[in-house]
4 protein chains.
Amino acid sequence: MPRVVDRDEKRRRILHAAMAAFARKGIMKTKAIDIAQEAGVGKGTIYEYFRSKEEIFVAAFQLFFSNLNYNIERSLARTDDPVQKLKIIIEETMQGFLQDDGKFAELIMEFWAEGVRTKDPNMLGAIDLKKLYSDYRLFIAHVIEEGIRKGVFMSVDVMVTASLIIAALDGIGLQWIMDRNLFKSPVIAGQLFETLLEGIRKK
Amino acid sequence: MPRVVDRDEKRRRILHAAMAAFARKGIMKTKAIDIAQEAGVGKGTIYEYFRSKEEIFVAAFQLFFSNLNYNIERSLARTDDPVQKLKIIIEETMQGFLQDDGKFAELIMEFWAEGVRTKDPNMLGAIDLKKLYSDYRLFIAHVIEEGIRKGVFMSVDVMVTASLIIAALDGIGLQWIMDRNLFKSPVIAGQLFETLLEGIRKK
Amino acid sequence: MPRVVDRDEKRRRILHAAMAAFARKGIMKTKAIDIAQEAGVGKGTIYEYFRSKEEIFVAAFQLFFSNLNYNIERSLARTDDPVQKLKIIIEETMQGFLQDDGKFAELIMEFWAEGVRTKDPNMLGAIDLKKLYSDYRLFIAHVIEEGIRKGVFMSVDVMVTASLIIAALDGIGLQWIMDRNLFKSPVIAGQLFETLLEGIRKK
Amino acid sequence: MPRVVDRDEKRRRILHAAMAAFARKGIMKTKAIDIAQEAGVGKGTIYEYFRSKEEIFVAAFQLFFSNLNYNIERSLARTDDPVQKLKIIIEETMQGFLQDDGKFAELIMEFWAEGVRTKDPNMLGAIDLKKLYSDYRLFIAHVIEEGIRKGVFMSVDVMVTASLIIAALDGIGLQWIMDRNLFKSPVIAGQLFETLLEGIRKK
DNA sequence: AATGAATGAGGCTTCATTCAT
DNA sequence: GATGAATGAAGCCTCATTCAT
């Protein structure tokens with residue numbers, strides 16, 4: 001029984017080590033030995049917990065996005081106001097990028113690059129970036145729709161607006177990766193939110 | 001009296017083949033033989049025109065961004081109106097992403113991923129993404145500043161605003177890569193422009 | 001708990017395999033796979049013990065000459081008589097050539113050929129044939145000088161004489177490589193010694 | 001008709017260029033392009049005059065040794081005295097090594113290294129170092145024999161003595177390669193001759 | 001006849017994965 | 001279960017040779 005916990009914990013440790021290494025050196029340039037060293041285990045141990053490097057990548061990908069999802073959904077439970085919801089979505093997404101000194105922004109960059117060119121149907125079951133974003137868009141679109149219905153947002157094209165919001169968020173993450181000193185997370189998030197809302201808020 | 005070839009032209013051919021392959025498979029997964037096949041030459045021929053795979057990458061990087069720059073500057077020559085200038089910058093950047101059925105958007109994704117983690121000082125002379133974006137930001141900031149001086153824009157924080165514009169543009173490029181059908185280039189560019197301007201335009 | 005091996009021993013095994021291959025096929029014509037096969041290991045294993053082929057070459061070079069040195073110095077400890085010392089030097093040097101059915105004579109031939117044209121300062125730290133021979137000459141010169149002082153040798157030019165002795169030894173090694181049946185080691189060494197001594201012995 | 005002379009001359013030019021390059025960089029490290037540049041012709045031109053790099057090597061080998069032979073035999077025609085003959089052989093051999101600032105000594109080093117490991121019967125017809133030296137030994141042995149018959153040399157073992165003479169000559173060449181400043185050619189040749197003769201001259 | 005552009009075989013080296021301990 | 005020693009597939013690059021001009 002205690003063994004089971006051990007295994008899970010170690011698997012998680014290796015996975016996090018891999019994510020850190022991916023963020024630092026890029027997926028392709030991260031060698032098995034790098035992950036092992038980062039995790040503080042032997043090179044062979046990795047293969048006791050993952051079948052291959054690809055499996056680690058997939059696990060990292062899924063962990064990252066399910067975490068993001070989890071955080072957003074958890075926060076959203078606190079309110080019913082579409083304006084607040086949008087604010088939460090924006091803040092949590094930014095949080096996802098900026099936490100850990102931007103390590104995760106570099107990681108998501110890897111996921112983008114790797115995910116974008118994944119066309120192998122076998123892989124698509126595991127890492128379908130297109131679907132992820134599609135769901136994400138839909139999710140935001142629903143919030144906007146709700147806002148329109150409740151009369152707090154103007155009657156914009158919800159899908160395009162949702163797309164623009166995501167675009168802005170990802171774009172800011174990208175900028176942040178290039179230059180950490182560009183803006184302080186809370187400030188910019190606030191500004192961004194105002195700017196975005198400005199475009200759709202009913203006046 | 002040996003075979004006569006336009007070496008510049010052939011170098012360009014190989015370079016474009018490499019860019020196509022980079023966009024399709026990713027830089028790291030693109031093998032020398034892939035480039036050769038794409039260019040329709042033998043594996044060894046590549047090395048008659050480039051010293052190494054890295055040199056090809058650098059050349060591609062530079063070609064891509066200098067093209068982008070060239071296009072923007074050429075278009076800007078047509079006007080003095082800051083509003084028009086901003087519009088041109090946005091349109092040309094989008095154009096850079098969307099041309100060739102989005103091939104270049106995938107390419108820039110590669111450059112982001114590769115460029116972001118380039119810290120080797122030797123490389124930084126050749127592919128300094130941070131500096132490129134810094135220059136780009138500054139450039140847009142100047143346009144905004146000009147607009148403020150001329151009284152057409154509100155007195156916003158020019159650097160943050162410039163950053164947001166770039167973020168939006170890159171973010172949209174990113175969205176576009178994930179889903180080609182998301183929006184038609186002219187429509188979205190127009191909408192985006194309006195949205196962005198809305199935030200800074202003097203009312 | 002992983003496979004237990006004596007890494008030093010294995011490194012030595014690979015090194016000796018390399019030396020055998022060098023002697024048989026020449027350094028440049030010896031491929032990594034040849035060394036691997038000779039050592040009975042996989043191609044990749046070589047690189048667990050040596051950084052590169054060049055490092056193997058350097059290690060072989062140094063091992064060869066330090067062995068030669070060690071043998072000579074060990075034997076010299078047995079006597080104080082300059083005549084005996086010279087005899088020992090000659091015999092040990094010949095021994096170095098002739099042992100292992102002349103394999104080492106072929107190896108030294110390779111070291112000569114490779115070492116002679118080494119001008120790269122980085123390499124010269126590791127394989128400076130000129131210095132090696134210079135030291136060797138000096139060493140023999142001291143013995144002759146001692147002999148002159150003690151009145152057993154004629155007052156010859158010690159450096160030139162030392163050079164001639166080395167020349168004779170190396171030359172004989174060379175002849176031996178060309179034709180194993182030319183002379184039996186002990187016989188020729190004795191004759192050589194007498195001939196050389198004849199020229200400098202005080203009569 | 002004049003074309004024939006042209007071709008021979010050009011072939012010779014390429015051959016000499018190859019020899020210079022071989023001496024400077026070693027045979028294996030000499031690339032086709034090196035020879036072409038040294039000869040001042042295009043890379044392809046080499047193959048108009050030689051079937052392969054190996055053929056160049058063989059031609060160089062043969063040219064070198066036939067030249068040596070030719071020089072010795074021509075000089076020997078001047079005398080009937082065995083002592084003089086031996087002197088001529090020694091001087092001409094040294095000359096072979098030392099001419100052109102020792103370039104040929106480095107070349108012969110290459111021939112030794114390359115020739116020693118040639119076991120391929122096809123090659124042995126063209127570059128049989130063993131036979132060359134065997135002939136050379138026999139030739140010197142005859143001179144010594146003649147000297148013994150005429151009563152000017154002691155009754156030594158002619159083959160061993162011949163071997164020692166060659167060994168001394170080659171060994172000195174070797175020393176010379178390592179350190180050009182070791183001895184001045186004429187001086188050393190004279191000394192060597194005296195030393196060698198001392199051992200066999202009838203007293 | 002002369003050339004250098006083109007090429008692919010081949011060599012060095014890396015590294016994901018296996019496996020003996 | 002954990003490990004690192006072992007390995008060979010695979011990738012980059014070189015260069016002898018060919019060949020179109």
# chains A, B, ... in the order shown; residues from 1 in each chain; ligands from 1
call {"tool": "calpha_fit_and_write", "arguments": {"fixed": "chain D", "moving": "chain B", "output": "compact mmCIF listing (two decimals) with C-alpha atoms, in the first residue's frame"}}
result
# COMPACT_ATOMS: atom_id res chain seq x y z
CA MET B 1 43.85 22.26 -82.50
CA PRO B 2 42.79 22.02 -78.90
CA ARG B 3 44.89 23.49 -76.13
CA VAL B 4 48.38 22.13 -76.51
CA VAL B 5 50.02 20.79 -73.38
CA ASP B 6 52.94 18.64 -72.55
CA ARG B 7 50.98 15.92 -70.83
CA ASP B 8 54.06 14.30 -69.36
CA GLU B 9 55.20 17.58 -67.97
CA LYS B 10 51.81 18.28 -66.47
CA ARG B 11 51.57 14.83 -64.98
CA ARG B 12 54.93 15.46 -63.38
CA ARG B 13 53.74 18.78 -62.06
CA ILE B 14 50.75 17.22 -60.40
CA LEU B 15 52.88 14.42 -59.04
CA HIS B 16 55.35 16.83 -57.50
CA ALA B 17 52.53 18.87 -56.06
CA ALA B 18 51.17 15.69 -54.52
CA MET B 19 54.55 14.82 -53.07
CA ALA B 20 54.89 18.25 -51.54
CA ALA B 21 51.42 17.95 -50.06
CA PHE B 22 52.10 14.43 -48.81
CA ALA B 23 55.25 15.64 -47.11
CA ARG B 24 53.48 18.58 -45.55
CA LYS B 25 50.18 17.08 -44.40
CA GLY B 26 50.61 13.35 -44.66
CA ILE B 27 49.22 11.09 -47.30
CA MET B 28 45.89 10.35 -45.70
CA LYS B 29 45.26 13.94 -44.77
CA THR B 30 46.09 15.18 -48.22
CA LYS B 31 42.83 15.64 -50.09
CA ALA B 32 42.44 15.72 -53.82
CA ILE B 33 41.73 19.42 -53.60
CA ASP B 34 45.00 20.00 -51.75
CA ILE B 35 46.94 18.44 -54.57
CA ALA B 36 44.97 20.42 -57.11
CA GLN B 37 45.63 23.69 -55.36
CA GLU B 38 49.29 22.90 -54.86
CA ALA B 39 49.56 22.09 -58.56
CA GLY B 40 47.54 25.11 -59.52
CA VAL B 41 44.94 23.11 -61.43
CA GLY B 42 41.30 22.29 -60.99
CA LYS B 43 40.17 19.35 -58.95
CA GLY B 44 39.01 17.47 -62.00
CA THR B 45 42.28 17.93 -63.83
CA ILE B 46 44.03 15.56 -61.49
CA TYR B 47 41.88 12.78 -62.76
CA GLU B 48 42.88 13.52 -66.33
CA TYR B 49 46.36 12.45 -65.37
CA PHE B 50 45.81 9.88 -62.65
CA ARG B 51 43.10 7.35 -62.27
CA SER B 52 42.84 7.77 -58.51
CA LYS B 53 44.50 9.12 -55.42
CA GLU B 54 46.05 5.74 -54.91
CA GLU B 55 47.65 5.85 -58.30
CA ILE B 56 49.22 9.16 -57.37
CA PHE B 57 50.55 7.66 -54.18
CA VAL B 58 52.05 4.73 -56.04
CA ALA B 59 53.59 6.99 -58.66
CA ALA B 60 55.08 9.19 -55.93
CA PHE B 61 56.44 6.18 -54.14
CA GLN B 62 58.05 4.81 -57.23
CA LEU B 63 59.42 8.14 -58.36
CA PHE B 64 60.96 8.74 -54.98
CA PHE B 65 62.75 5.44 -54.76
CA SER B 66 63.77 5.24 -58.37
CA ASN B 67 65.29 8.71 -58.04
CA LEU B 68 67.18 7.62 -54.99
CA ASN B 69 68.38 4.55 -56.80
CA TYR B 70 69.32 6.48 -59.87
CA ASN B 71 71.39 8.96 -57.91
CA ILE B 72 73.24 6.29 -56.04
CA GLU B 73 74.02 4.22 -59.09
CA ARG B 74 75.14 7.24 -61.05
CA SER B 75 77.52 8.27 -58.31
CA LEU B 76 78.85 4.77 -57.81
CA ALA B 77 79.99 4.64 -61.40
CA ARG B 78 82.77 6.99 -60.45
CA THR B 79 84.78 4.56 -58.36
CA ASP B 80 85.84 0.99 -57.74
CA ASP B 81 87.07 1.40 -54.19
CA PRO B 82 84.69 -0.25 -51.70
CA VAL B 83 85.47 2.37 -49.08
CA GLN B 84 84.60 5.12 -51.52
CA LYS B 85 81.51 3.23 -52.60
CA LEU B 86 80.27 3.00 -49.06
CA LYS B 87 80.96 6.66 -48.61
CA ILE B 88 78.99 7.47 -51.74
CA ILE B 89 76.04 5.33 -50.70
CA ILE B 90 75.93 7.05 -47.35
CA GLU B 91 76.25 10.51 -48.78
CA GLU B 92 73.68 10.00 -51.49
CA THR B 93 71.18 8.50 -49.10
CA MET B 94 71.64 11.42 -46.75
CA GLN B 95 71.35 13.72 -49.70
CA GLY B 96 68.04 12.08 -50.56
CA PHE B 97 66.76 12.88 -47.11
CA LEU B 98 68.12 16.32 -46.73
CA GLN B 99 67.52 17.90 -50.09
CA ASP B 100 64.79 20.50 -50.38
CA ASP B 101 65.06 21.44 -46.73
CA GLY B 102 64.09 17.99 -45.57
CA LYS B 103 60.87 17.81 -47.51
CA PHE B 104 61.85 14.41 -48.76
CA ALA B 105 62.65 13.11 -45.34
CA GLU B 106 59.06 13.82 -44.37
CA LEU B 107 57.92 12.18 -47.53
CA ILE B 108 59.87 9.02 -46.90
CA MET B 109 58.38 8.98 -43.43
CA GLU B 110 54.98 8.83 -45.10
CA PHE B 111 56.10 6.07 -47.39
CA TRP B 112 57.36 4.11 -44.45
CA ALA B 113 54.13 4.51 -42.56
CA GLU B 114 51.96 3.70 -45.57
CA GLY B 115 54.23 1.08 -47.04
CA VAL B 116 54.84 -0.85 -43.86
CA ARG B 117 51.24 -1.91 -43.52
CA THR B 118 50.63 -2.62 -47.16
CA LYS B 119 49.80 -6.27 -47.36
CA ASP B 120 47.37 -6.20 -50.25
CA PRO B 121 49.04 -8.37 -52.90
CA ASN B 122 47.76 -6.06 -55.63
CA MET B 123 49.56 -3.18 -54.00
CA LEU B 124 52.67 -5.14 -53.23
CA GLY B 125 53.46 -5.30 -56.90
CA ALA B 126 53.66 -1.52 -56.90
CA ILE B 127 54.92 -0.59 -53.44
CA ASP B 128 56.84 -3.34 -51.79
CA LEU B 129 58.85 -1.58 -49.13
CA LYS B 130 60.12 -4.84 -47.75
CA LYS B 131 61.54 -5.84 -51.09
CA LEU B 132 62.99 -2.39 -51.69
CA TYR B 133 64.89 -2.52 -48.45
CA SER B 134 65.84 -6.10 -49.02
CA ASP B 135 67.39 -5.14 -52.35
CA TYR B 136 69.06 -2.17 -50.77
CA ARG B 137 70.51 -4.32 -48.03
CA LEU B 138 71.76 -6.83 -50.53
CA PHE B 139 73.33 -4.09 -52.56
CA ILE B 140 75.25 -2.69 -49.62
CA ALA B 141 76.16 -6.20 -48.52
CA HIS B 142 77.79 -6.77 -51.88
CA VAL B 143 79.91 -3.68 -51.47
CA ILE B 144 81.01 -4.79 -48.04
CA GLU B 145 81.73 -8.27 -49.32
CA GLU B 146 83.83 -6.77 -52.05
CA GLY B 147 85.69 -4.79 -49.42
CA ILE B 148 86.31 -7.89 -47.39
CA ARG B 149 87.57 -9.72 -50.46
CA LYS B 150 89.85 -6.86 -51.29
CA GLY B 151 91.12 -6.85 -47.72
CA VAL B 152 89.99 -3.36 -46.73
CA PHE B 153 87.16 -4.47 -44.42
CA MET B 154 87.18 -6.89 -41.56
CA SER B 155 85.38 -10.15 -41.94
CA VAL B 156 82.05 -9.03 -40.48
CA ASP B 157 78.57 -10.47 -41.00
CA VAL B 158 77.81 -8.59 -44.20
CA MET B 159 74.02 -8.70 -43.94
CA VAL B 160 73.88 -7.53 -40.37
CA THR B 161 76.41 -4.82 -41.10
CA ALA B 162 74.45 -3.69 -44.14
CA SER B 163 71.32 -3.63 -42.02
CA LEU B 164 73.04 -1.53 -39.41
CA ILE B 165 74.25 0.94 -41.99
CA ILE B 166 70.77 1.37 -43.38
CA ALA B 167 69.38 1.57 -39.90
CA ALA B 168 71.81 4.32 -39.06
CA LEU B 169 71.01 6.23 -42.22
CA ASP B 170 67.26 5.99 -41.78
CA GLY B 171 67.56 6.73 -38.11
CA ILE B 172 69.52 9.87 -38.83
CA GLY B 173 66.92 10.88 -41.39
CA LEU B 174 64.33 10.43 -38.71
CA GLN B 175 66.26 12.56 -36.23
CA TRP B 176 66.71 15.17 -38.85
CA ILE B 177 62.97 15.35 -39.41
CA MET B 178 62.38 15.93 -35.72
CA ASP B 179 64.96 18.61 -35.47
CA ARG B 180 66.47 20.33 -38.47
CA ASN B 181 69.13 21.99 -36.41
CA LEU B 182 70.53 18.80 -35.02
CA PHE B 183 73.38 18.55 -37.42
CA LYS B 184 74.64 19.91 -40.68
CA SER B 185 74.44 17.34 -43.36
CA PRO B 186 78.10 17.12 -44.46
CA VAL B 187 79.47 17.11 -40.95
CA ILE B 188 77.24 14.39 -39.73
CA ALA B 189 77.58 12.31 -42.84
CA GLY B 190 81.32 12.45 -42.42
CA GLN B 191 81.17 11.55 -38.78
CA LEU B 192 78.71 8.81 -39.40
CA PHE B 193 80.85 7.37 -42.09
CA GLU B 194 83.86 7.35 -39.86
CA THR B 195 81.96 5.74 -37.04
CA LEU B 196 80.51 3.08 -39.26
CA LEU B 197 83.78 2.38 -40.95
CA GLU B 198 85.52 2.22 -37.67
CA GLY B 199 83.50 -0.81 -36.87
CA ILE B 200 84.37 -2.76 -39.97
CA ARG B 201 87.61 -1.35 -41.22
CA LYS B 202 90.59 -3.60 -41.08
CA LYS B 203 93.10 -2.26 -38.68
call {"tool": "select_by_dssp", "arguments": {"residues": "segment 79-123 of chain B", "states": "alpha helix (DSSP H)", "output": "PyMOL selection string"}}
result
chain B and resi 82-98+103-116+121-123
call {"tool": "interface_residues", "arguments": {"of": "chain F", "to": "chain B", "cutoff": "9 Å", "atoms": "only C-alpha atoms (C1' of nucleotides)", "output": "list of chain:residue names"}}
result
F:DG11, F:DC12, F:DC13, F:DT14, F:DC19, F:DA20, F:DT21
call {"tool": "write_last_selection", "arguments": {"atoms": "N, CA and C atoms (P, O5', C5', C4', C3', O3' and C1' of nucleotides)", "output": "PDB file, in the first residue's frame"}}
result
ATOM      1  P    DG F  11      17.753  10.407 -38.134  1.00  0.00           P
ATOM      2  O5'  DG F  11      18.623  11.717 -37.949  1.00  0.00           O
ATOM      3  C5'  DG F  11      18.949  12.216 -36.644  1.00  0.00           C
ATOM      4  C4'  DG F  11      20.225  13.007 -36.715  1.00  0.00           C
ATOM      5  C3'  DG F  11      20.396  13.764 -38.036  1.00  0.00           C
ATOM      6  O3'  DG F  11      20.833  15.086 -37.781  1.00  0.00           O
ATOM      7  C1'  DG F  11      22.271  12.379 -37.659  1.00  0.00           C
ATOM      8  P    DC F  12      20.936  16.098 -38.910  1.00  0.00           P
ATOM      9  O5'  DC F  12      22.473  16.464 -38.784  1.00  0.00           O
ATOM     10  C5'  DC F  12      23.012  16.872 -37.536  1.00  0.00           C
ATOM     11  C4'  DC F  12      24.510  16.983 -37.681  1.00  0.00           C
ATOM     12  C3'  DC F  12      24.940  17.889 -38.834  1.00  0.00           C
ATOM     13  O3'  DC F  12      25.992  18.727 -38.377  1.00  0.00           O
ATOM     14  C1'  DC F  12      25.851  15.701 -39.121  1.00  0.00           C
ATOM     15  P    DC F  13      26.383  19.968 -39.244  1.00  0.00           P
ATOM     16  O5'  DC F  13      27.578  19.334 -40.061  1.00  0.00           O
ATOM     17  C5'  DC F  13      28.700  18.811 -39.333  1.00  0.00           C
ATOM     18  C4'  DC F  13      29.555  18.017 -40.273  1.00  0.00           C
ATOM     19  C3'  DC F  13      30.021  18.749 -41.534  1.00  0.00           C
ATOM     20  O3'  DC F  13      31.404  19.008 -41.361  1.00  0.00           O
ATOM     21  C1'  DC F  13      29.365  16.504 -41.982  1.00  0.00           C
ATOM     22  P    DT F  14      32.274  19.588 -42.540  1.00  0.00           P
ATOM     23  O5'  DT F  14      32.993  18.312 -43.154  1.00  0.00           O
ATOM     24  C5'  DT F  14      33.616  17.399 -42.277  1.00  0.00           C
ATOM     25  C4'  DT F  14      34.291  16.326 -43.101  1.00  0.00           C
ATOM     26  C3'  DT F  14      35.151  16.872 -44.240  1.00  0.00           C
ATOM     27  O3'  DT F  14      36.321  16.065 -44.259  1.00  0.00           O
ATOM     28  C1'  DT F  14      33.513  15.417 -45.109  1.00  0.00           C
ATOM     29  P    DC F  19      29.453   9.885 -63.871  1.00  0.00           P
ATOM     30  O5'  DC F  19      29.145  11.381 -64.349  1.00  0.00           O
ATOM     31  C5'  DC F  19      28.396  12.235 -63.485  1.00  0.00           C
ATOM     32  C4'  DC F  19      28.323  13.616 -64.104  1.00  0.00           C
ATOM     33  C3'  DC F  19      28.381  13.631 -65.632  1.00  0.00           C
ATOM     34  O3'  DC F  19      27.560  14.689 -66.069  1.00  0.00           O
ATOM     35  C1'  DC F  19      30.103  14.936 -64.801  1.00  0.00           C
ATOM     36  P    DA F  20      26.448  14.423 -67.136  1.00  0.00           P
ATOM     37  O5'  DA F  20      25.845  15.884 -67.341  1.00  0.00           O
ATOM     38  C5'  DA F  20      25.421  16.619 -66.195  1.00  0.00           C
ATOM     39  C4'  DA F  20      25.814  18.074 -66.342  1.00  0.00           C
ATOM     40  C3'  DA F  20      25.536  18.681 -67.719  1.00  0.00           C
ATOM     41  O3'  DA F  20      25.035  19.985 -67.499  1.00  0.00           O
ATOM     42  C1'  DA F  20      27.862  18.869 -67.209  1.00  0.00           C
ATOM     43  P    DT F  21      24.609  20.863 -68.697  1.00  0.00           P
ATOM     44  O5'  DT F  21      25.900  21.741 -68.949  1.00  0.00           O
ATOM     45  C5'  DT F  21      26.273  22.710 -67.972  1.00  0.00           C
ATOM     46  C4'  DT F  21      27.601  23.293 -68.373  1.00  0.00           C
ATOM     47  C3'  DT F  21      27.633  23.910 -69.777  1.00  0.00           C
ATOM     48  O3'  DT F  21      27.932  25.290 -69.649  1.00  0.00           O
ATOM     49  C1'  DT F  21      29.559  22.621 -69.359  1.00  0.00           C
TER      50       DT F  21
END
call {"tool": "decode", "arguments": {"residues": "segment 38-63 of chain C", "atoms": "N, CA and C atoms", "output": "JSON list (two decimals), in the first residue's frame"}}
result
[["chain", "number", "residue", "atom", "x", "y", "z"],
["C", 38, "GLU", "N", 37.74, -4.84, -32.03],
["C", 38, "GLU", "CA", 38.97, -5.37, -31.43],
["C", 38, "GLU", "C", 38.81, -5.51, -29.91],
["C", 39, "ALA", "N", 38.12, -4.53, -29.33],
["C", 39, "ALA", "CA", 37.95, -4.55, -27.87],
["C", 39, "ALA", "C", 36.77, -5.42, -27.45],
["C", 40, "GLY", "N", 36.00, -5.85, -28.44],
["C", 40, "GLY", "CA", 34.84, -6.68, -28.12],
["C", 40, "GLY", "C", 33.72, -5.91, -27.44],
["C", 41, "VAL", "N", 33.60, -4.63, -27.78],
["C", 41, "VAL", "CA", 32.50, -3.84, -27.21],
["C", 41, "VAL", "C", 31.71, -3.18, -28.33],
["C", 42, "GLY", "N", 30.65, -2.55, -27.97],
["C", 42, "GLY", "CA", 29.85, -1.85, -28.97],
["C", 42, "GLY", "C", 30.50, -0.53, -29.33],
["C", 43, "LYS", "N", 30.13, -0.02, -30.47],
["C", 43, "LYS", "CA", 30.71, 1.22, -30.97],
["C", 43, "LYS", "C", 30.52, 2.37, -29.98],
["C", 44, "GLY", "N", 29.35, 2.42, -29.38],
["C", 44, "GLY", "CA", 29.06, 3.51, -28.46],
["C", 44, "GLY", "C", 29.86, 3.43, -27.17],
["C", 45, "THR", "N", 30.24, 2.22, -26.80],
["C", 45, "THR", "CA", 30.94, 2.03, -25.52],
["C", 45, "THR", "C", 32.26, 2.78, -25.48],
["C", 46, "ILE", "N", 32.91, 2.84, -26.63],
["C", 46, "ILE", "CA", 34.18, 3.56, -26.70],
["C", 46, "ILE", "C", 34.04, 4.97, -26.14],
["C", 47, "TYR", "N", 32.92, 5.57, -26.47],
["C", 47, "TYR", "CA", 32.73, 6.96, -26.07],
["C", 47, "TYR", "C", 32.30, 7.12, -24.62],
["C", 48, "GLU", "N", 32.10, 6.00, -23.95],
["C", 48, "GLU", "CA", 31.89, 6.05, -22.52],
["C", 48, "GLU", "C", 33.22, 6.20, -21.80],
["C", 49, "TYR", "N", 34.28, 5.85, -22.53],
["C", 49, "TYR", "CA", 35.59, 5.83, -21.89],
["C", 49, "TYR", "C", 36.57, 6.86, -22.48],
["C", 50, "PHE", "N", 36.26, 7.29, -23.67],
["C", 50, "PHE", "CA", 37.09, 8.32, -24.31],
["C", 50, "PHE", "C", 36.18, 9.34, -24.97],
["C", 51, "ARG", "N", 36.62, 10.58, -24.91],
["C", 51, "ARG", "CA", 35.79, 11.63, -25.46],
["C", 51, "ARG", "C", 35.77, 11.59, -26.99],
["C", 52, "SER", "N", 36.86, 11.17, -27.57],
["C", 52, "SER", "CA", 36.96, 11.17, -29.04],
["C", 52, "SER", "C", 38.08, 10.25, -29.48],
["C", 53, "LYS", "N", 38.16, 10.05, -30.77],
["C", 53, "LYS", "CA", 39.22, 9.22, -31.33],
["C", 53, "LYS", "C", 40.57, 9.85, -31.02],
["C", 54, "GLU", "N", 40.60, 11.14, -31.08],
["C", 54, "GLU", "CA", 41.85, 11.84, -30.83],
["C", 54, "GLU", "C", 42.34, 11.59, -29.40],
["C", 55, "GLU", "N", 41.39, 11.57, -28.47],
["C", 55, "GLU", "CA", 41.79, 11.32, -27.10],
["C", 55, "GLU", "C", 42.39, 9.92, -26.97],
["C", 56, "ILE", "N", 41.85, 8.98, -27.71],
["C", 56, "ILE", "CA", 42.41, 7.63, -27.68],
["C", 56, "ILE", "C", 43.83, 7.65, -28.21],
["C", 57, "PHE", "N", 44.01, 8.36, -29.30],
["C", 57, "PHE", "CA", 45.34, 8.46, -29.89],
["C", 57, "PHE", "C", 46.34, 9.04, -28.90],
["C", 58, "VAL", "N", 45.94, 10.12, -28.26],
["C", 58, "VAL", "CA", 46.83, 10.76, -27.29],
["C", 58, "VAL", "C", 47.14, 9.81, -26.14],
["C", 59, "ALA", "N", 46.11, 9.14, -25.65],
["C", 59, "ALA", "CA", 46.32, 8.20, -24.54],
["C", 59, "ALA", "C", 47.27, 7.09, -24.95],
["C", 60, "ALA", "N", 47.11, 6.60, -26.17],
["C", 60, "ALA", "CA", 47.98, 5.53, -26.66],
["C", 60, "ALA", "C", 49.42, 6.02, -26.75],
["C", 61, "PHE", "N", 49.55, 7.19, -27.30],
["C", 61, "PHE", "CA", 50.87, 7.80, -27.44],
["C", 61, "PHE", "C", 51.57, 7.90, -26.08],
["C", 62, "GLN", "N", 50.82, 8.44, -25.13],
["C", 62, "GLN", "CA", 51.42, 8.65, -23.82],
["C", 62, "GLN", "C", 51.72, 7.34, -23.11],
["C", 63, "LEU", "N", 50.78, 6.41, -23.25],
["C", 63, "LEU", "CA", 51.02, 5.11, -22.61],
["C", 63, "LEU", "C", 52.27, 4.47, -23.18]]
